[in-house]
Amino acid sequence: CKRVIIKVGTSTIMYPNGTVNLQRLDKLAFVLSDLRNQGKEVILVSSGAVGVGLHRLNLKESPKTIPEQQAVASVGQSELMNLYSNFFFNYGQIIGQVLMTRDIVEFPESRLNAINTFEQLLKKNVIPIVNENDTVAVDELDHSTKFGDNDRLSAIVAEITQADLLIMLSDIDGFYDRNPNEDADAELFREINDVTPRLFSLAGGVGSEFGTGGMVTKLTAAEHILKQTSQMVLANGEDPTIIFKIIAGEDIGTLFT
Ligand code: ADP
């Protein structure tokens, strides 16, 4: 495959104590840069702005009001991009920040603009790093979400860029028949061809402290991907070199195809 979207959750780039996992960010930058050198086109969709912002502002938990939350996201987003920029620079890569709103699904002109921007960035060998524009889009932070979460956003980015594969990295090895953190006997689905209501009933609630999506939004993303006849792999982002194995076609995580 040529064009790959990689989505990382907050749990992948932050330690549970709320600090940034620098090893992980560094490794992620290394892997994506190497893929770029191999001639692949890669786009990163990264969560974590709120988590990084909370840490930077020395806050223990997310503030209550939406403007306060958005202020945290604003600080965290630039801090996060600064980190990415430095790590990617070490591996000889240039990054470009792409902040999106729901406009890209609602307005054809916005959609076309976004498509053209991605094409230009990739043509210039830039690695786009995508997030929702939190300062104008309230949905994600509000948890009332329709488009808001980055799981769904990554599926839409995969759609508009006609990507061959979406790799979704989380803190879990894939999609199980029940929450493995609650039941050790949970079994991993290796391959899913159809996202049914039954699967949604197995998805449970939100998992990690900072995670907003949980498995429900990952299934919604997968549903979207399958409609585009593209593919998605849900895997553990603990070791980002797993991305090499996934692209090599190894049997890892849950493949939606
Ligand atoms: P991220 O921050 O990577 O987007 P989330 O924390 O939002 O991830 O979602 C991952 C969590 O979803 C897992 O850690 C797990 O606790 C929970 N979960 C609930 N049901 C399931 C299931 N059926 N299979 C796998 N994980 C599940």
# chains A, B, ... in the order shown; residues from 1 in each chain; ligands from 1

call {"tool": "residues_near_ligand", "arguments": {"ligand": "ligand 1", "cutoff": "9 Å", "atoms": "only C-alpha atoms and all ligand atoms", "output": "ChimeraX atom specification"}}
result
/A:7-12,47-48,149-151,168-182,186-189,199-218,236-237

call {"tool": "residues_around", "arguments": {"residues": "A:Thr229", "least_positions_apart": "2", "cutoff": "12 Å", "atoms": "only C-alpha atoms", "output": "PyMOL selection string"}}
result
chain A and resi 155+158-159+162-166+193-194+222-227+231-232+256-257

call {"tool": "write_last_selection", "arguments": {"atoms": "all heavy atoms", "output": "compact mmCIF listing (two decimals), in the first residue's frame"}}
result
# COMPACT_ATOMS: atom_id res chain seq x y z
N ALA A 155 -10.93 8.46 9.95
CA ALA A 155 -11.62 7.73 8.88
C ALA A 155 -12.01 8.68 7.75
O ALA A 155 -11.95 8.31 6.56
CB ALA A 155 -12.86 7.01 9.43
N ALA A 158 -8.94 9.49 5.84
CA ALA A 158 -8.65 8.34 4.96
C ALA A 158 -9.54 8.37 3.72
O ALA A 158 -9.08 8.09 2.61
CB ALA A 158 -8.84 7.03 5.72
N GLU A 159 -10.79 8.75 3.93
CA GLU A 159 -11.73 8.80 2.80
C GLU A 159 -11.33 9.89 1.79
O GLU A 159 -11.18 9.62 0.61
CB GLU A 159 -13.15 9.07 3.31
CG GLU A 159 -14.16 9.15 2.18
CD GLU A 159 -15.45 9.90 2.56
OE1 GLU A 159 -15.75 10.00 3.75
OE2 GLU A 159 -16.11 10.38 1.63
N GLN A 162 -8.27 9.23 -0.07
CA GLN A 162 -8.30 7.90 -0.70
C GLN A 162 -7.12 7.04 -0.26
O GLN A 162 -6.41 6.45 -1.10
CB GLN A 162 -8.34 8.05 -2.21
CG GLN A 162 -9.64 8.71 -2.66
CD GLN A 162 -9.76 8.82 -4.16
OE1 GLN A 162 -8.96 9.50 -4.80
NE2 GLN A 162 -10.72 8.12 -4.73
N ALA A 163 -6.92 6.99 1.04
CA ALA A 163 -5.81 6.21 1.59
C ALA A 163 -6.09 4.71 1.45
O ALA A 163 -7.24 4.28 1.41
CB ALA A 163 -5.62 6.57 3.06
N ASP A 164 -5.02 3.94 1.36
CA ASP A 164 -5.16 2.49 1.22
C ASP A 164 -5.42 1.83 2.57
O ASP A 164 -6.03 0.77 2.65
CB ASP A 164 -3.87 1.89 0.65
CG ASP A 164 -3.47 2.57 -0.64
OD1 ASP A 164 -4.23 2.44 -1.61
OD2 ASP A 164 -2.43 3.26 -0.66
N LEU A 165 -4.92 2.47 3.63
CA LEU A 165 -4.99 1.83 4.94
C LEU A 165 -5.04 2.87 6.05
O LEU A 165 -4.33 3.87 5.99
CB LEU A 165 -3.73 0.94 5.11
CG LEU A 165 -3.53 0.22 6.43
CD1 LEU A 165 -4.61 -0.84 6.65
CD2 LEU A 165 -2.15 -0.46 6.46
N LEU A 166 -5.88 2.59 7.05
CA LEU A 166 -5.90 3.39 8.28
C LEU A 166 -5.39 2.51 9.42
O LEU A 166 -5.96 1.44 9.68
CB LEU A 166 -7.33 3.88 8.57
CG LEU A 166 -7.59 4.49 9.97
CD1 LEU A 166 -6.73 5.72 10.22
CD2 LEU A 166 -9.08 4.85 10.11
N ASN A 193 -15.33 -8.23 8.84
CA ASN A 193 -15.72 -7.81 7.49
C ASN A 193 -16.97 -6.95 7.47
O ASN A 193 -17.30 -6.35 6.46
CB ASN A 193 -15.95 -9.04 6.59
CG ASN A 193 -14.78 -10.00 6.61
OD1 ASN A 193 -14.90 -11.13 7.09
ND2 ASN A 193 -13.64 -9.54 6.15
N ASP A 194 -17.66 -6.93 8.61
CA ASP A 194 -18.93 -6.21 8.66
C ASP A 194 -19.13 -5.69 10.08
O ASP A 194 -19.05 -6.47 11.04
CB ASP A 194 -20.05 -7.20 8.28
CG ASP A 194 -21.37 -6.48 8.05
OD1 ASP A 194 -21.37 -5.24 7.92
OD2 ASP A 194 -22.41 -7.18 8.03
N ALA A 222 -14.35 2.28 11.62
CA ALA A 222 -14.18 1.07 10.80
C ALA A 222 -15.33 0.92 9.80
O ALA A 222 -15.14 0.56 8.64
CB ALA A 222 -14.09 -0.16 11.69
N GLU A 223 -16.53 1.22 10.28
CA GLU A 223 -17.73 1.16 9.44
C GLU A 223 -17.56 2.08 8.22
O GLU A 223 -17.85 1.70 7.09
CB GLU A 223 -18.91 1.64 10.29
CG GLU A 223 -20.25 1.09 9.91
CD GLU A 223 -21.33 1.55 10.90
OE1 GLU A 223 -21.09 2.48 11.72
OE2 GLU A 223 -22.43 0.97 10.84
N HIS A 224 -17.08 3.28 8.51
CA HIS A 224 -16.85 4.27 7.46
C HIS A 224 -15.80 3.78 6.46
O HIS A 224 -15.96 3.92 5.25
CB HIS A 224 -16.40 5.58 8.12
CG HIS A 224 -16.54 6.77 7.23
ND1 HIS A 224 -17.74 7.44 7.07
CD2 HIS A 224 -15.65 7.41 6.44
CE1 HIS A 224 -17.57 8.44 6.22
NE2 HIS A 224 -16.31 8.45 5.82
N ILE A 225 -14.74 3.21 6.99
CA ILE A 225 -13.64 2.69 6.16
C ILE A 225 -14.14 1.57 5.25
O ILE A 225 -13.81 1.53 4.05
CB ILE A 225 -12.48 2.18 7.06
CG1 ILE A 225 -11.75 3.36 7.71
CG2 ILE A 225 -11.53 1.28 6.30
CD1 ILE A 225 -10.94 4.22 6.77
N LEU A 226 -14.94 0.66 5.79
CA LEU A 226 -15.42 -0.46 4.99
C LEU A 226 -16.34 0.00 3.85
O LEU A 226 -16.34 -0.59 2.78
CB LEU A 226 -16.13 -1.50 5.87
CG LEU A 226 -15.22 -2.27 6.83
CD1 LEU A 226 -16.00 -3.30 7.62
CD2 LEU A 226 -14.05 -2.94 6.09
N LYS A 227 -17.07 1.07 4.09
CA LYS A 227 -17.92 1.65 3.03
C LYS A 227 -17.07 2.18 1.88
O LYS A 227 -17.53 2.22 0.74
CB LYS A 227 -18.76 2.80 3.60
CG LYS A 227 -20.10 2.34 4.14
CD LYS A 227 -21.03 3.53 4.39
CE LYS A 227 -21.96 3.22 5.56
NZ LYS A 227 -22.01 4.28 6.57
N GLN A 231 -9.17 -0.27 4.10
CA GLN A 231 -8.92 -1.19 5.21
C GLN A 231 -8.47 -0.44 6.46
O GLN A 231 -7.88 0.64 6.35
CB GLN A 231 -7.82 -2.18 4.84
CG GLN A 231 -8.21 -3.14 3.74
CD GLN A 231 -7.13 -4.19 3.53
OE1 GLN A 231 -5.95 -3.90 3.59
NE2 GLN A 231 -7.55 -5.42 3.29
N MET A 232 -8.76 -1.06 7.60
CA MET A 232 -8.32 -0.46 8.86
C MET A 232 -7.74 -1.55 9.75
O MET A 232 -8.28 -2.65 9.80
CB MET A 232 -9.50 0.21 9.56
CG MET A 232 -9.19 0.76 10.95
SD MET A 232 -10.61 1.64 11.66
CE MET A 232 -10.66 0.90 13.28
N PHE A 256 -9.93 -4.78 9.79
CA PHE A 256 -11.26 -4.55 9.23
C PHE A 256 -11.09 -4.47 7.73
O PHE A 256 -10.42 -3.58 7.21
CB PHE A 256 -11.86 -3.25 9.77
CG PHE A 256 -12.11 -3.25 11.26
CD1 PHE A 256 -11.09 -2.96 12.16
CD2 PHE A 256 -13.37 -3.56 11.76
CE1 PHE A 256 -11.32 -2.97 13.53
CE2 PHE A 256 -13.62 -3.57 13.14
CZ PHE A 256 -12.59 -3.28 14.02
N THR A 257 -11.69 -5.41 7.01
CA THR A 257 -11.47 -5.44 5.56
C THR A 257 -12.71 -5.91 4.79
O THR A 257 -13.56 -6.57 5.36
CB THR A 257 -10.26 -6.34 5.21
OG1 THR A 257 -9.98 -6.21 3.82
CG2 THR A 257 -10.53 -7.81 5.56

call {"tool": "closest_residue", "arguments": {"among": "A:Arg102, A:Glu41, A:Val52, A:Thr19", "to": "A:Gln120", "atoms": "only C-alpha atoms"}}
result
A:Glu41

call {"tool": "residues_around", "arguments": {"residues": "A:Lys60", "least_positions_apart": "6", "cutoff": "10 Å", "atoms": "only C-alpha atoms", "output": "compact mmCIF listing (two decimals) with N, CA, C and O atoms, in the first residue's frame"}}
result
# COMPACT_ATOMS: atom_id res chain seq x y z
N ASN A 17 0.39 9.14 34.19
CA ASN A 17 0.53 10.23 35.17
C ASN A 17 0.39 11.61 34.54
O ASN A 17 0.58 12.63 35.20
N GLY A 18 0.08 11.64 33.25
CA GLY A 18 -0.21 12.93 32.60
C GLY A 18 0.99 13.61 31.95
O GLY A 18 0.85 14.72 31.44
N GLY A 51 -4.43 16.65 26.80
CA GLY A 51 -3.55 16.04 27.79
C GLY A 51 -2.25 16.83 27.95
O GLY A 51 -1.82 17.13 29.07
N LEU A 54 -2.97 20.23 29.61
CA LEU A 54 -3.19 20.12 31.07
C LEU A 54 -1.85 20.06 31.79
O LEU A 54 -1.64 20.73 32.79

call {"tool": "select_by_dssp", "arguments": {"residues": "stretch 143-189 of chain A", "states": "strand (DSSP E or B)", "output": "list in words"}}
result
Leu165, Leu166, Ile167, Met168, Leu169, Ser170, Tyr176 and Leu188 of chain A

call {"tool": "write_last_selection", "arguments": {"atoms": "C-alpha atoms", "output": "short mmCIF file (atom, residue, chain, number, x, y, z; two decimals), in the first residue's frame"}}
result
data_model
loop_
_atom_site.label_atom_id
_atom_site.label_comp_id
_atom_site.auth_asym_id
_atom_site.auth_seq_id
_atom_site.Cartn_x
_atom_site.Cartn_y
_atom_site.Cartn_z
CA LEU A 165 -4.99 1.83 4.94
CA LEU A 166 -5.90 3.39 8.28
CA ILE A 167 -3.80 2.21 11.20
CA MET A 168 -5.42 3.02 14.51
CA LEU A 169 -3.11 2.73 17.48
CA SER A 170 -4.57 2.44 20.95
CA TYR A 176 -12.20 -8.03 21.69
CA LEU A 188 -9.44 -10.87 20.12
#

call {"tool": "residues_around", "arguments": {"residues": "A:Met100", "least_positions_apart": "4", "cutoff": "9 Å", "atoms": "only C-alpha atoms", "output": "list in words"}}
result
Ile104, Ala114, Val130, Asn131, Glu132, Asn133, Asp134, Ala137 and Leu153 of chain A
